[in-house]
$ cat structure.tsv   # TSV, C-alpha atoms
chain	number	residue	atom	x	y	z
U	1	MET	CA	-4.53	35.15	-3.09
U	2	PRO	CA	-3.08	37.82	-0.77
U	3	ASP	CA	-2.53	41.35	-2.00
U	4	LYS	CA	1.03	41.94	-3.28
U	5	LYS	CA	1.68	44.69	-0.72
U	6	GLU	CA	0.37	42.49	2.09
U	7	LEU	CA	2.62	39.67	0.93
U	8	PHE	CA	5.58	42.04	0.73
U	9	VAL	CA	5.14	43.42	4.25
U	10	THR	CA	4.55	39.97	5.75
U	11	ARG	CA	7.65	38.57	4.07
U	12	LEU	CA	9.72	41.60	5.03
U	13	LEU	CA	8.76	41.06	8.67
U	14	GLN	CA	9.59	37.34	8.46
U	15	GLN	CA	12.98	37.96	6.86
U	16	THR	CA	13.78	40.76	9.31
U	17	SER	CA	12.89	38.49	12.25
U	18	ALA	CA	15.19	35.84	10.76
U	19	GLY	CA	17.99	38.42	10.57
U	20	LYS	CA	18.14	38.21	6.78
U	21	VAL	CA	17.39	41.88	6.09
U	22	LYS	CA	19.99	44.46	7.05
U	23	TRP	CA	18.43	47.68	8.35
U	24	GLU	CA	20.46	50.84	8.86
U	25	PRO	CA	19.80	54.24	10.38
U	26	THR	CA	19.14	57.23	8.16
U	27	MET	CA	19.50	60.96	8.59
U	28	GLU	CA	16.21	61.02	10.44
U	29	GLU	CA	15.83	59.54	13.87
U	30	ARG	CA	12.84	57.27	13.38
U	31	VAL	CA	13.42	56.34	9.76
U	32	PHE	CA	15.23	53.10	8.94
U	33	GLN	CA	16.41	51.81	5.60
U	34	ALA	CA	17.03	48.36	4.15
U	35	SER	CA	18.53	47.98	0.72
U	36	PHE	CA	18.44	45.29	-1.92
U	37	PRO	CA	20.37	45.12	-5.23
U	38	SER	CA	17.91	47.32	-7.15
U	39	TYR	CA	15.60	48.96	-4.58
U	40	SER	CA	15.62	50.33	-1.06
U	41	VAL	CA	12.88	50.21	1.55
U	42	LYS	CA	12.34	52.71	4.33
U	43	ILE	CA	10.04	52.46	7.31
U	44	TRP	CA	8.97	55.41	9.42
U	45	THR	CA	6.23	56.66	11.69
U	46	GLU	CA	3.81	59.49	11.08
U	47	GLU	CA	1.51	61.24	13.46
U	48	ALA	CA	-1.06	61.63	10.73
U	49	PHE	CA	-3.95	59.57	12.03
U	50	ASP	CA	-6.28	60.69	14.77
U	51	ILE	CA	-5.94	57.87	17.27
U	52	GLU	CA	-2.72	56.01	16.70
U	53	THR	CA	0.73	56.42	15.22
U	54	ALA	CA	0.81	55.50	11.56
U	55	TYR	CA	3.54	53.25	10.22
U	56	VAL	CA	4.63	53.86	6.65
U	57	ILE	CA	6.82	51.93	4.24
U	58	GLY	CA	8.32	53.56	1.15
U	59	ILE	CA	10.05	51.85	-1.77
U	60	PHE	CA	12.84	53.75	-3.55
U	61	ASN	CA	14.31	53.03	-6.98
U	62	ASP	CA	17.89	53.23	-8.21
U	63	SER	CA	17.79	57.01	-8.51
U	64	GLY	CA	16.57	57.41	-4.94
U	65	THR	CA	13.04	58.32	-5.96
U	66	GLN	CA	10.12	57.05	-3.91
U	67	ILE	CA	8.02	54.87	-6.21
U	68	GLU	CA	5.61	53.35	-3.70
U	69	ARG	CA	4.18	54.18	-0.32
U	70	MET	CA	1.99	52.09	1.95
U	71	ASP	CA	0.73	52.67	5.47
U	72	ASN	CA	-0.97	50.40	7.99
U	73	ARG	CA	-4.45	51.78	7.21
U	74	GLU	CA	-4.07	51.03	3.51
U	75	LEU	CA	-2.67	47.58	4.25
U	76	LYS	CA	-5.60	46.80	6.53
U	77	GLU	CA	-7.99	47.76	3.77
U	78	ALA	CA	-6.02	45.49	1.42
U	79	GLY	CA	-6.68	42.54	3.72
U	80	LEU	CA	-3.84	42.53	6.26
U	81	VAL	CA	-6.00	42.19	9.37
U	82	HIS	CA	-3.34	43.07	11.98
U	83	ALA	CA	-1.64	45.64	9.77
U	84	TRP	CA	-0.84	48.08	12.60
U	85	THR	CA	0.75	45.35	14.78
U	86	VAL	CA	2.72	43.94	11.86
U	87	MET	CA	4.04	47.38	10.89
U	88	ARG	CA	4.82	48.30	14.50
U	89	ASP	CA	6.75	45.03	14.98
U	90	LEU	CA	8.62	45.62	11.75
U	91	HIS	CA	9.52	49.18	12.76
U	92	GLN	CA	10.71	48.01	16.18
U	93	LEU	CA	12.81	45.21	14.72
U	94	ALA	CA	14.29	47.55	12.11
U	95	ARG	CA	15.13	50.10	14.80
U	96	ARG	CA	16.75	47.53	17.09
U	97	GLN	CA	18.78	46.10	14.26
U	98	ALA	CA	19.81	49.45	12.76
U	99	LEU	CA	20.94	50.83	16.11
U	100	GLY	CA	22.60	47.59	17.19
U	101	VAL	CA	20.47	47.25	20.32
U	102	GLU	CA	21.01	43.47	20.58
U	103	GLN	CA	24.80	43.81	20.38
U	104	ALA	CA	24.70	46.58	22.97
U	105	LEU	CA	22.64	44.43	25.36
U	106	ASP	CA	24.89	41.39	24.80
U	107	SER	CA	27.97	43.46	25.45
U	108	LEU	CA	26.47	45.02	28.57
U	109	LEU	CA	25.36	41.63	29.86
U	110	ASP	CA	28.90	40.30	29.27
U	111	SER	CA	30.32	43.25	31.18
U	112	LEU	CA	27.91	42.69	34.02
U	113	ASP	CA	28.83	38.98	34.10
U	114	ASP	CA	32.52	39.95	34.27
U	115	ASP	CA	31.78	42.21	37.20
U	116	ASP	CA	30.18	39.25	39.01
U	117	ASP	CA	33.41	37.20	38.71
O	1	MET	CA	42.59	3.55	-102.86
O	2	THR	CA	44.75	1.65	-100.42
O	3	VAL	CA	43.05	-0.28	-97.72
O	4	VAL	CA	44.78	-0.23	-94.34
O	5	PRO	CA	44.45	-3.63	-92.71
O	6	ALA	CA	42.62	-3.48	-89.41
O	7	VAL	CA	44.79	-4.04	-86.34
O	8	PRO	CA	43.09	-6.53	-84.05
O	9	HIS	CA	41.93	-4.76	-80.85
O	10	GLN	CA	43.48	-6.22	-77.72
O	11	THR	CA	41.45	-5.75	-74.56
O	12	PRO	CA	43.38	-5.04	-71.26
O	13	GLU	CA	41.89	-8.03	-69.46
O	14	PRO	CA	44.26	-10.57	-70.87
O	15	LEU	CA	47.20	-8.28	-70.00
O	16	LEU	CA	46.09	-7.68	-66.40
O	17	ALA	CA	44.90	-11.19	-65.83
O	18	PRO	CA	48.30	-12.47	-64.58
O	19	LEU	CA	48.61	-9.50	-62.24
O	20	ALA	CA	45.10	-10.06	-60.89
O	21	ASP	CA	45.85	-13.71	-60.52
O	22	PHE	CA	49.08	-12.91	-58.63
O	23	LEU	CA	47.28	-10.48	-56.30
O	24	THR	CA	44.52	-13.00	-55.63
O	25	ARG	CA	46.93	-15.80	-55.00
O	26	HIS	CA	48.94	-13.81	-52.48
O	27	ARG	CA	45.77	-12.13	-51.05
O	28	ILE	CA	47.46	-8.80	-51.59
O	29	ASN	CA	44.24	-7.06	-52.58
O	30	GLU	CA	42.64	-8.04	-49.29
O	31	VAL	CA	45.65	-6.79	-47.34
O	32	SER	CA	45.67	-3.51	-49.24
O	33	ASP	CA	41.94	-3.13	-48.63
O	34	PHE	CA	42.58	-3.65	-44.93
O	35	ILE	CA	45.52	-1.18	-44.88
O	36	GLY	CA	43.38	1.33	-46.76
O	37	LEU	CA	40.65	0.95	-44.17
O	38	ILE	CA	43.15	1.50	-41.32
O	39	ILE	CA	44.57	4.59	-43.04
O	40	THR	CA	41.05	5.96	-43.57
O	41	ILE	CA	40.15	5.42	-39.90
O	42	LEU	CA	43.40	7.04	-38.73
O	43	ALA	CA	42.91	10.00	-41.05
O	44	PHE	CA	39.35	10.40	-39.84
O	45	GLY	CA	40.51	10.29	-36.21
O	46	TRP	CA	43.24	12.79	-36.89
O	47	THR	CA	40.73	15.12	-38.57
O	48	ILE	CA	38.39	14.89	-35.57
O	49	CYS	CA	41.31	15.65	-33.20
O	50	ALA	CA	42.37	18.63	-35.32
O	51	VAL	CA	38.82	20.00	-35.36
O	52	TYR	CA	38.50	19.47	-31.60
O	53	ARG	CA	41.87	21.17	-30.95
O	54	SER	CA	40.97	24.15	-33.10
O	55	ARG	CA	37.59	24.44	-31.36
O	56	THR	CA	39.26	24.29	-27.93
O	57	ALA	CA	41.77	26.92	-29.00
O	58	ALA	CA	38.98	29.15	-30.32
O	59	GLU	CA	37.02	28.68	-27.07
O	60	GLN	CA	40.11	29.51	-25.01
O	61	ALA	CA	40.69	32.62	-27.12
O	62	ARG	CA	37.04	33.63	-26.64
O	63	GLN	CA	37.27	33.13	-22.87
O	64	ALA	CA	40.52	35.10	-22.70
O	65	ALA	CA	38.90	37.96	-24.65
O	66	GLN	CA	35.88	37.91	-22.32
O	67	GLU	CA	38.11	37.91	-19.24
O	68	THR	CA	40.09	40.84	-20.64
O	69	ARG	CA	36.88	42.75	-21.29
O	70	ARG	CA	35.67	42.02	-17.74
O	71	THR	CA	38.99	43.15	-16.25
O	72	ILE	CA	38.92	46.37	-18.26
O	73	SER	CA	35.37	47.15	-17.16
O	74	ALA	CA	36.22	46.28	-13.55
O	75	HIS	CA	39.07	48.80	-13.75
O	76	SER	CA	36.62	51.30	-15.17
O	77	VAL	CA	34.23	50.65	-12.22
O	78	MET	CA	37.13	51.16	-9.81
O	79	ILE	CA	37.99	54.50	-11.43
O	80	ASP	CA	34.32	55.60	-11.30
O	81	LEU	CA	34.03	54.55	-7.64
O	82	ALA	CA	37.21	56.41	-6.72
O	83	SER	CA	35.85	59.48	-8.51
O	84	ALA	CA	32.49	59.17	-6.67
O	85	ILE	CA	34.33	58.93	-3.33
O	86	ALA	CA	36.34	62.06	-4.22
O	87	THR	CA	33.05	63.88	-4.97
O	88	MET	CA	31.70	62.77	-1.59
O	89	GLU	CA	34.79	64.14	0.15
O	90	GLU	CA	34.21	67.42	-1.66
O	91	ILE	CA	30.55	67.37	-0.59
O	92	LYS	CA	31.68	67.04	3.04
O	93	ARG	CA	33.93	70.09	2.66
O	94	LEU	CA	31.08	72.07	1.09
O	95	HIS	CA	28.77	71.03	3.95
O	96	ARG	CA	31.27	72.25	6.51
O	97	GLY	CA	31.64	75.49	4.57
O	98	ARG	CA	27.82	75.81	4.43
O	99	GLN	CA	27.99	76.19	0.66
O	100	TRP	CA	24.40	74.99	0.31
O	101	SER	CA	23.70	76.50	-3.09
O	102	ILE	CA	26.53	74.54	-4.75
O	103	LEU	CA	25.59	71.23	-3.16
O	104	PRO	CA	22.54	70.15	-5.21
O	105	GLU	CA	24.63	70.13	-8.36
O	106	ARG	CA	27.30	67.97	-6.68
O	107	TYR	CA	24.68	65.60	-5.30
O	108	GLY	CA	23.12	65.28	-8.75
O	109	ALA	CA	26.51	64.46	-10.30
O	110	LEU	CA	27.25	61.97	-7.53
O	111	ARG	CA	23.91	60.20	-7.87
O	112	HIS	CA	24.38	60.05	-11.63
O	113	ALA	CA	27.87	58.52	-11.20
O	114	LEU	CA	26.66	55.97	-8.65
O	115	ARG	CA	23.72	55.05	-10.83
O	116	SER	CA	26.00	54.54	-13.79
O	117	ILE	CA	28.26	52.20	-11.74
O	118	HIS	CA	25.17	50.41	-10.41
O	119	GLY	CA	23.84	49.96	-13.93
O	120	SER	CA	27.13	48.79	-15.42
O	121	ASN	CA	26.67	45.54	-13.49
O	122	THR	CA	30.26	44.50	-14.15
O	123	ARG	CA	31.99	42.66	-11.38
O	124	LEU	CA	29.31	43.85	-9.00
O	125	THR	CA	28.10	41.16	-6.69
O	126	ASN	CA	24.65	41.42	-5.12
O	127	GLU	CA	26.35	42.78	-2.02
O	128	HIS	CA	28.12	45.52	-4.02
O	129	SER	CA	24.90	46.44	-5.84
O	130	THR	CA	23.04	46.59	-2.51
O	131	THR	CA	25.70	48.89	-1.03
O	132	ILE	CA	25.56	51.25	-4.01
O	133	GLN	CA	21.75	51.18	-4.03
O	134	ALA	CA	21.78	52.11	-0.32
O	135	SER	CA	24.22	54.97	-0.99
O	136	ILE	CA	22.05	56.35	-3.81
O	137	THR	CA	18.98	56.33	-1.53
O	138	HIS	CA	20.83	58.02	1.37
O	139	ILE	CA	22.40	60.64	-0.90
O	140	ALA	CA	19.02	61.38	-2.52
O	141	ALA	CA	17.52	61.98	0.96
O	142	VAL	CA	20.34	64.35	1.92
O	143	GLU	CA	19.97	66.12	-1.42
O	144	ARG	CA	16.22	66.60	-0.84
O	145	ARG	CA	16.90	68.03	2.60
O	146	VAL	CA	19.33	70.60	1.14
O	147	GLU	CA	16.89	71.47	-1.65
O	148	GLU	CA	14.09	72.02	0.88
O	149	ALA	CA	16.35	74.28	2.95
O	150	LEU	CA	17.35	76.26	-0.13
O	151	ALA	CA	13.69	76.67	-1.10
O	152	ALA	CA	12.91	77.91	2.41
O	153	ALA	CA	16.05	80.09	2.43
O	154	THR	CA	17.28	78.49	5.66
O	155	ASP	CA	20.06	76.15	6.74
O	156	PRO	CA	19.13	72.47	6.50
O	157	ARG	CA	18.14	70.63	9.66
O	158	ASP	CA	20.50	67.94	10.94
O	159	ALA	CA	23.53	69.26	9.05
O	160	VAL	CA	25.85	67.25	11.31
O	161	GLN	CA	23.86	64.08	10.77
O	162	MET	CA	24.07	64.68	7.02
O	163	ILE	CA	27.87	64.72	7.14
O	164	ARG	CA	27.81	61.53	9.22
O	165	ILE	CA	25.70	59.82	6.57
O	166	VAL	CA	28.04	60.93	3.77
O	167	ASP	CA	31.02	59.75	5.85
O	168	ARG	CA	29.46	56.34	6.43
O	169	GLU	CA	28.67	55.95	2.73
O	170	ILE	CA	32.27	56.86	1.83
O	171	GLU	CA	33.47	54.05	4.10
O	172	LYS	CA	31.07	51.56	2.56
O	173	LEU	CA	32.06	52.49	-1.00
O	174	HIS	CA	35.75	52.22	-0.03
O	175	ARG	CA	35.05	48.66	1.07
O	176	VAL	CA	33.42	47.86	-2.29
O	177	LEU	CA	36.38	49.43	-4.10
O	178	ASN	CA	38.85	47.31	-2.11
O	179	MET	CA	36.85	44.14	-2.68
O	180	ILE	CA	36.88	44.71	-6.45
O	181	ARG	CA	40.61	45.48	-6.34
O	182	VAL	CA	41.34	42.28	-4.38
O	183	SER	CA	39.21	40.27	-6.81
O	184	ILE	CA	41.14	41.64	-9.83
O	185	GLU	CA	44.49	41.03	-8.15
O	186	GLY	CA	43.43	37.51	-7.19
O	187	GLN	CA	42.58	36.70	-10.79
O	188	ARG	CA	45.80	38.21	-12.06
O	189	ASP	CA	47.84	36.06	-9.65
O	190	ALA	CA	45.86	32.90	-10.48

$ encode --input "structure.tsv" --output "structure tokens"
Amino acid sequence: MPDKKELFVTRLLQQTSAGKVKWEPTMEERVFQASFPSYSVKIWTEEAFDIETAYVIGIFNDSGTQIERMDNRELKEAGLVHAWTVMRDLHQLARRQALGVEQALDSLLDSLDDDDD
Amino acid sequence: MTVVPAVPHQTPEPLLAPLADFLTRHRINEVSDFIGLIITILAFGWTICAVYRSRTAAEQARQAAQETRRTISAHSVMIDLASAIATMEEIKRLHRGRQWSILPERYGALRHALRSIHGSNTRLTNEHSTTIQASITHIAAVERRVEEALAAATDPRDAVQMIRIVDREIEKLHRVLNMIRVSIEGQRDA
């Protein structure tokens, strides 16, 4: 049976890919937040590890207090083999969704199509 | 001693015998039995209807009372949300005035108010709860940033971004407030 954190991150990535999780920007540039009825989740990067950027997920309760923290190294130890890739993908998807990158590209492509006409 | 002569005892059977005979001959006893049965069935049916009607009325009264309670608490949530939005507007003014030392107290009060609305769970859909949860988390982050700046005796970083976040949360809470208002008005008109 997969570790609960591993399951959580995997499912979060699946639901984000399916567009079912709404990410939004926060005060900090590379931190993105998704909220649910009773908890919020944030994902951010840290330059803590020697070789590569670390990806971190924090869970916040209904008073805004961080109650859990997990990074790619910890997730790998818990059994998520491609933890770094999964977390990087999740961070990228969250960023694109929070900043509205897809809408911006669609709009720009529409504008460029109009210019062709 | 005088002896009173005994009066011969007359049983009622001989007296009622002609009546019984008459009833039997005209089958009146059977008819009356049948009418009695019909009356009993009708009375039983009427009793069941009366019980059912009273139960329905009691259920309707209970539902009306519940609906009234829900409407009152929805109004209360609307008042609390409006008050939280007013606090957020004040927070924006304090930010612009760089009144950092006053802000943690306001943030604390705001978080407490939002948490209380979030916990009341009345009329809040999952979407409303998610919006309020998001606001609490954003406000807590801004509050931490101000606290850190106060501890370091400096101005907080990203002060402009902080106002933007508060502004965005005000807009989102306004939307929740309007949705609750529309829902109450819709029910009132129904």

$ interface_residues --input "structure.tsv" --of "chain U" --to "chain O" --cutoff "6 Å" --atoms "all atoms listed in the file" --output "ChimeraX atom specification"
/U:27,35-37,64

$ atom_distance --input "structure.tsv" --atom1 "CA of His91 in chain U" --atom2 "CA of Ile43 in chain U"
6.4 Å

$ closest_residue --input "structure.tsv" --among "U:Ser40, U:Gly79, U:Leu109, U:Gly58" --to "Val21 in chain U" --atoms "all atoms listed in the file"
U:Ser40

$ atom_distance --input "structure.tsv" --atom1 "CA of Lys20 in chain U" --atom2 "CA of Ser120 in chain O"
26.2 Å

$ residues_around --input "structure.tsv" --residues "Glu68 in chain U" --least-positions-apart "4" --cutoff "10 Å" --atoms "all atoms listed in the file" --output "MDAnalysis selection string"
chainID U and resid 5 41 57:61
